[in-house]
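*Asks:* Structure in C-alpha cells, see below.
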Amino acid sequence: QVRLVESGGGVVQAGGSLRLSCAASGATYSLHNMGWFRQPLGKEREFVAAINRGSGATFYSDSVKGRFTISHDNFERATYLQMTGLKPEDTALYYCAADKTWRGADNYSDRRDDYAYWGQGTQVTVSS
C-alpha cells in the first residue's frame with residue numbers, strides 16, 4: 001500500500017505562484033509515474049501533469065504547459081508541482097496520484113482510472 005499526502009495549497013492572487021508537495025510513504029518502490037490532477041468545484045477531475053520516476057520524463061496538459069513544473073525527489077519520496085502565472089481558472093482541489101503500472105520510460109497516462117493511489121487533495125484558490 002502507498003499513502004500520499006499533499007500540502008502547499010492556499011489562496012493567491014492572479015499572476016502569483018504556489019508550490020504543492022506530495023509526500024509518499026509505504027511501498028513506493030512499486031510506483032512508476034507520479035501525477036497531479038485537479039477538480040474544480042462542480043466539474044470533473046482532470047489531468048494536470050505527470051512525471052516518470054525512472055527517466056524523469058515530464059508531461060503536461062495544454063492548459064498548464066509553460067506555467068507549471070512537476071518534479072520528483074526519489075530520496076525524499078516527494079513529488080512537487082511548482083505553479084506560476086496562476087489564473088482564476090486554476091482554482092481547484094489538487095490531487096497527487098501514483099501509477100503502479102509500467103508504461104515505458106517516455107509514456108504516461110492522463111486517465112484517472114489508471115492511477116492506483118490518491119491523496120486527499122489540497123485546495124488552490126486564485127483570486128482575480
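Lettering and numbering for the C-alpha cells are positional, with chains as A, B, ... in the shown order, residues counted from 1 in each chain, and ligands counted from 1 in the shown order.
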As a count of residues only, please: the residues near Ala98 of chain A (cut-off 7 Å, only C-alpha atoms, same-chain neighbours under 4 positions excluded).
*Replies:* 8
*Asks:* What's around Glu46 of chain A at 12 Å? Count only C-alpha atoms, leave out sequence neighbours fewer than 3 positions away in its own chain, and write the answer as a ChimeraX atom specification.
*Replies:* /A:35-41,43,49-50,60-64,90,92-97,109-113
*Asks:* Pick from A:Gln82, A:Ala24, A:Gln1, A:Glu76: nearest to Val48 of chain A, with only C-alpha atoms counted?
*Replies:* A:Gln82
*Asks:* List as a list in words the protein and nucleic acid residues near Arg19 of chain A, meaning an atom at most 6 Å away when only C-alpha atoms are counted, but skip any in the same chain fewer than 5 places from it.
*Replies:*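 Within the cut-off, the hits are Gly8, Leu81, Gln82 and Met83 of chain A.
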*Asks:* Please dump the current selection as a compact mmCIF listing (two decimals), in the first residue's frame; keep C-alpha atoms.
*Replies:*
# COMPACT_ATOMS: atom_id res chain seq x y z
CA GLY A 8 1.04 23.68 -0.05
CA LEU A 81 4.14 20.94 -8.57
CA GLN A 82 5.54 24.43 -9.00
CA MET A 83 2.77 26.68 -10.28
*Asks:* Would you pick out the contacts of Ala14 of chain A at 9 Å or less, using only C-alpha atoms, so that residues sharing its chain but fewer than 6 positions from it are not included, and give the list as a ChimeraX atom specification?
*Replies:* /A:85-88,126-128
*Asks:* For the helix (DSSP H, G or I) assignment from backbone DSSP, which residues of segment 1-122 of chain A qualify? Please present them as a list in words.
*Replies:* Thr28, Tyr29, Ser30, Pro88, Glu89, Asp90, Arg112, Asp113 and Asp114 of chain A
*Asks:* Residues of the last selection are to be written out with N, CA, C and O atoms, as an mmCIF file, in the first residue's frame.
*Replies:*
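The result, written out as selection.cif:
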data_model
loop_
_atom_site.group_PDB
_atom_site.id
_atom_site.type_symbol
_atom_site.label_atom_id
_atom_site.label_comp_id
_atom_site.auth_asym_id
_atom_site.auth_seq_id
_atom_site.Cartn_x
_atom_site.Cartn_y
_atom_site.Cartn_z
ATOM 1 N N THR A 28 6.578 2.513 -2.001
ATOM 2 C CA THR A 28 6.815 3.457 -3.102
ATOM 3 C C THR A 28 7.679 2.861 -4.200
ATOM 4 O O THR A 28 7.693 3.372 -5.314
ATOM 5 N N TYR A 29 8.402 1.756 -3.906
ATOM 6 C CA TYR A 29 9.221 1.109 -4.928
ATOM 7 C C TYR A 29 8.359 0.582 -6.077
ATOM 8 O O TYR A 29 8.831 0.330 -7.170
ATOM 9 N N SER A 30 7.082 0.387 -5.821
ATOM 10 C CA SER A 30 6.164 -0.169 -6.820
ATOM 11 C C SER A 30 5.628 0.885 -7.786
ATOM 12 O O SER A 30 4.905 0.556 -8.724
ATOM 13 N N PRO A 88 -7.346 32.590 -12.390
ATOM 14 C CA PRO A 88 -8.552 32.185 -11.644
ATOM 15 C C PRO A 88 -9.064 30.803 -12.069
ATOM 16 O O PRO A 88 -9.569 30.054 -11.224
ATOM 17 N N GLU A 89 -8.900 30.446 -13.337
ATOM 18 C CA GLU A 89 -9.375 29.147 -13.796
ATOM 19 C C GLU A 89 -8.522 27.984 -13.297
ATOM 20 O O GLU A 89 -8.860 26.823 -13.517
ATOM 21 N N ASP A 90 -7.417 28.273 -12.626
ATOM 22 C CA ASP A 90 -6.626 27.221 -11.985
ATOM 23 C C ASP A 90 -7.193 26.841 -10.620
ATOM 24 O O ASP A 90 -6.710 25.886 -9.999
ATOM 25 N N ARG A 112 -7.599 9.136 -15.021
ATOM 26 C CA ARG A 112 -7.637 8.990 -13.558
ATOM 27 C C ARG A 112 -7.770 7.535 -13.147
ATOM 28 O O ARG A 112 -7.239 7.124 -12.112
ATOM 29 N N ASP A 113 -8.441 6.714 -13.946
ATOM 30 C CA ASP A 113 -8.637 5.307 -13.595
ATOM 31 C C ASP A 113 -7.339 4.510 -13.618
ATOM 32 O O ASP A 113 -7.272 3.409 -13.061
ATOM 33 N N ASP A 114 -6.301 5.042 -14.265
ATOM 34 C CA ASP A 114 -5.021 4.339 -14.327
ATOM 35 C C ASP A 114 -4.148 4.590 -13.106
ATOM 36 O O ASP A 114 -3.093 3.980 -12.972
#
*Asks:* May I have the residues within 8 Å of Ser71 of chain A as a ChimeraX atom specification, using only C-alpha atoms and disregarding those fewer than 5 positions away in the same chain?
*Replies:* /A:51,56,79-81
*Asks:* Mind dumping the selected residues with N, CA and C atoms as a PDB file, in the first residue's frame?
*Replies:*
ATOM      1  N   ILE A  51       5.051  12.698 -14.069  1.00  0.00           N
ATOM      2  CA  ILE A  51       6.495  12.522 -14.179  1.00  0.00           C
ATOM      3  C   ILE A  51       6.834  11.048 -14.012  1.00  0.00           C
ATOM      4  N   GLY A  56      12.565  10.458 -15.474  1.00  0.00           N
ATOM      5  CA  GLY A  56      12.398  11.885 -15.215  1.00  0.00           C
ATOM      6  C   GLY A  56      11.599  12.601 -16.287  1.00  0.00           C
ATOM      7  N   THR A  79       6.920  14.430  -4.465  1.00  0.00           N
ATOM      8  CA  THR A  79       6.617  14.979  -5.790  1.00  0.00           C
ATOM      9  C   THR A  79       6.120  16.397  -5.608  1.00  0.00           C
ATOM     10  N   TYR A  80       6.562  17.282  -6.489  1.00  0.00           N
ATOM     11  CA  TYR A  80       6.224  18.687  -6.358  1.00  0.00           C
ATOM     12  C   TYR A  80       5.533  19.205  -7.615  1.00  0.00           C
ATOM     13  N   LEU A  81       4.737  20.239  -7.439  1.00  0.00           N
ATOM     14  CA  LEU A  81       4.140  20.944  -8.571  1.00  0.00           C
ATOM     15  C   LEU A  81       4.346  22.430  -8.334  1.00  0.00           C
TER      16      LEU A  81
END
*Asks:* Name the residues of segment 24-126 of chain A that come out as strand (DSSP E or B) in a backbone DSSP run; write them as a ChimeraX atom specification.
*Replies:* /A:24-26,33-39,46-52,58-60,68-73,78-83,92-99,117-118,122-126
*Asks:* Filtering to N, CA and C atoms, could you give me those residues as a short mmCIF file (atom, residue, chain, number, x, y, z; two decimals), in the first residue's frame?
*Replies:*
data_model
loop_
_atom_site.label_atom_id
_atom_site.label_comp_id
_atom_site.auth_asym_id
_atom_site.auth_seq_id
_atom_site.Cartn_x
_atom_site.Cartn_y
_atom_site.Cartn_z
N ALA A 24 5.07 10.73 -0.14
CA ALA A 24 4.65 9.35 -0.32
C ALA A 24 5.29 8.47 0.75
N SER A 25 4.53 7.49 1.21
CA SER A 25 5.05 6.52 2.17
C SER A 25 4.49 5.15 1.82
N GLY A 26 5.13 4.12 2.38
CA GLY A 26 4.70 2.76 2.09
C GLY A 26 5.51 2.16 0.95
N ASN A 33 4.90 6.18 -12.43
CA ASN A 33 4.59 7.58 -12.72
C ASN A 33 3.88 8.22 -11.55
N MET A 34 4.23 9.46 -11.28
CA MET A 34 3.50 10.27 -10.30
C MET A 34 2.77 11.37 -11.07
N GLY A 35 1.58 11.67 -10.63
CA GLY A 35 0.80 12.66 -11.35
C GLY A 35 0.09 13.64 -10.43
N TRP A 36 -0.31 14.75 -11.03
CA TRP A 36 -1.17 15.72 -10.37
C TRP A 36 -2.44 15.87 -11.20
N PHE A 37 -3.56 15.85 -10.53
CA PHE A 37 -4.86 16.10 -11.13
C PHE A 37 -5.50 17.24 -10.36
N ARG A 38 -6.53 17.81 -10.94
CA ARG A 38 -7.28 18.84 -10.22
C ARG A 38 -8.76 18.71 -10.53
N GLN A 39 -9.57 19.20 -9.59
CA GLN A 39 -11.01 19.12 -9.76
C GLN A 39 -11.64 20.43 -9.33
N GLU A 46 -9.47 16.45 -13.65
CA GLU A 46 -8.71 16.50 -14.89
C GLU A 46 -7.22 16.37 -14.65
N PHE A 47 -6.55 15.84 -15.65
CA PHE A 47 -5.11 15.66 -15.59
C PHE A 47 -4.40 17.00 -15.66
N VAL A 48 -3.33 17.14 -14.87
CA VAL A 48 -2.52 18.35 -14.89
C VAL A 48 -1.11 18.05 -15.37
N ALA A 49 -0.44 17.10 -14.71
CA ALA A 49 0.95 16.81 -15.06
C ALA A 49 1.33 15.44 -14.53
N ALA A 50 2.38 14.86 -15.13
CA ALA A 50 2.89 13.57 -14.66
C ALA A 50 4.39 13.55 -14.85
N ILE A 51 5.05 12.70 -14.07
CA ILE A 51 6.49 12.52 -14.18
C ILE A 51 6.83 11.05 -14.01
N ASN A 52 7.75 10.57 -14.85
CA ASN A 52 8.23 9.20 -14.75
C ASN A 52 9.36 9.17 -13.72
N THR A 58 8.69 14.29 -18.21
CA THR A 58 7.53 15.01 -17.69
C THR A 58 6.50 15.25 -18.78
N PHE A 59 5.26 15.39 -18.36
CA PHE A 59 4.14 15.54 -19.27
C PHE A 59 3.15 16.52 -18.66
N TYR A 60 2.56 17.36 -19.51
CA TYR A 60 1.66 18.40 -19.01
C TYR A 60 0.41 18.50 -19.88
N PHE A 68 3.40 25.50 -15.25
CA PHE A 68 3.58 24.57 -14.14
C PHE A 68 4.78 23.66 -14.42
N THR A 69 5.45 23.25 -13.34
CA THR A 69 6.57 22.33 -13.46
C THR A 69 6.44 21.24 -12.41
N ILE A 70 6.46 20.00 -12.88
CA ILE A 70 6.41 18.86 -11.96
C ILE A 70 7.82 18.32 -11.77
N SER A 71 8.12 17.92 -10.53
CA SER A 71 9.42 17.35 -10.23
C SER A 71 9.26 16.28 -9.16
N HIS A 72 10.29 15.46 -9.03
CA HIS A 72 10.22 14.37 -8.07
C HIS A 72 11.58 14.17 -7.44
N ASP A 73 11.59 13.92 -6.16
CA ASP A 73 12.81 13.63 -5.41
C ASP A 73 12.71 12.19 -4.91
N ALA A 78 9.18 12.43 -2.60
CA ALA A 78 8.24 13.54 -2.69
C ALA A 78 8.10 14.01 -4.13
N THR A 79 6.92 14.43 -4.47
CA THR A 79 6.62 14.98 -5.79
C THR A 79 6.12 16.40 -5.61
N TYR A 80 6.56 17.28 -6.49
CA TYR A 80 6.22 18.69 -6.36
C TYR A 80 5.53 19.20 -7.62
N LEU A 81 4.74 20.24 -7.44
CA LEU A 81 4.14 20.94 -8.57
C LEU A 81 4.35 22.43 -8.33
N GLN A 82 5.29 23.00 -9.07
CA GLN A 82 5.54 24.43 -9.00
C GLN A 82 4.61 25.12 -9.98
N MET A 83 3.77 26.00 -9.46
CA MET A 83 2.77 26.68 -10.28
C MET A 83 3.08 28.17 -10.33
N ALA A 92 -9.00 25.05 -7.92
CA ALA A 92 -9.47 23.66 -7.88
C ALA A 92 -8.89 22.97 -6.66
N LEU A 93 -9.40 21.79 -6.41
CA LEU A 93 -8.80 20.89 -5.44
C LEU A 93 -7.77 20.06 -6.19
N TYR A 94 -6.52 20.13 -5.76
CA TYR A 94 -5.43 19.45 -6.46
C TYR A 94 -5.08 18.15 -5.75
N TYR A 95 -5.00 17.09 -6.54
CA TYR A 95 -4.72 15.76 -6.03
C TYR A 95 -3.40 15.23 -6.56
N CYS A 96 -2.66 14.59 -5.69
CA CYS A 96 -1.49 13.83 -6.08
C CYS A 96 -1.93 12.39 -6.32
N ALA A 97 -1.35 11.75 -7.34
CA ALA A 97 -1.73 10.38 -7.66
C ALA A 97 -0.51 9.58 -8.09
N ALA A 98 -0.59 8.26 -7.90
CA ALA A 98 0.52 7.38 -8.22
C ALA A 98 0.05 6.23 -9.10
N ASP A 99 0.83 5.98 -10.15
CA ASP A 99 0.53 4.93 -11.11
C ASP A 99 1.53 3.80 -10.91
N TYR A 117 -3.30 5.05 -6.57
CA TYR A 117 -3.27 5.68 -5.24
C TYR A 117 -3.49 7.18 -5.37
N TRP A 118 -4.21 7.73 -4.38
CA TRP A 118 -4.57 9.14 -4.39
C TRP A 118 -4.40 9.75 -3.01
N THR A 122 -5.49 19.11 -1.93
CA THR A 122 -5.17 20.39 -1.30
C THR A 122 -5.78 21.49 -2.17
N GLN A 123 -6.47 22.44 -1.53
CA GLN A 123 -7.21 23.46 -2.26
C GLN A 123 -6.31 24.59 -2.72
N VAL A 124 -6.47 24.96 -3.98
CA VAL A 124 -5.79 26.13 -4.54
C VAL A 124 -6.87 27.09 -5.02
N THR A 125 -6.82 28.31 -4.52
CA THR A 125 -7.79 29.33 -4.91
C THR A 125 -7.02 30.53 -5.45
N VAL A 126 -7.35 30.93 -6.68
CA VAL A 126 -6.69 32.06 -7.32
C VAL A 126 -7.72 33.17 -7.47
#
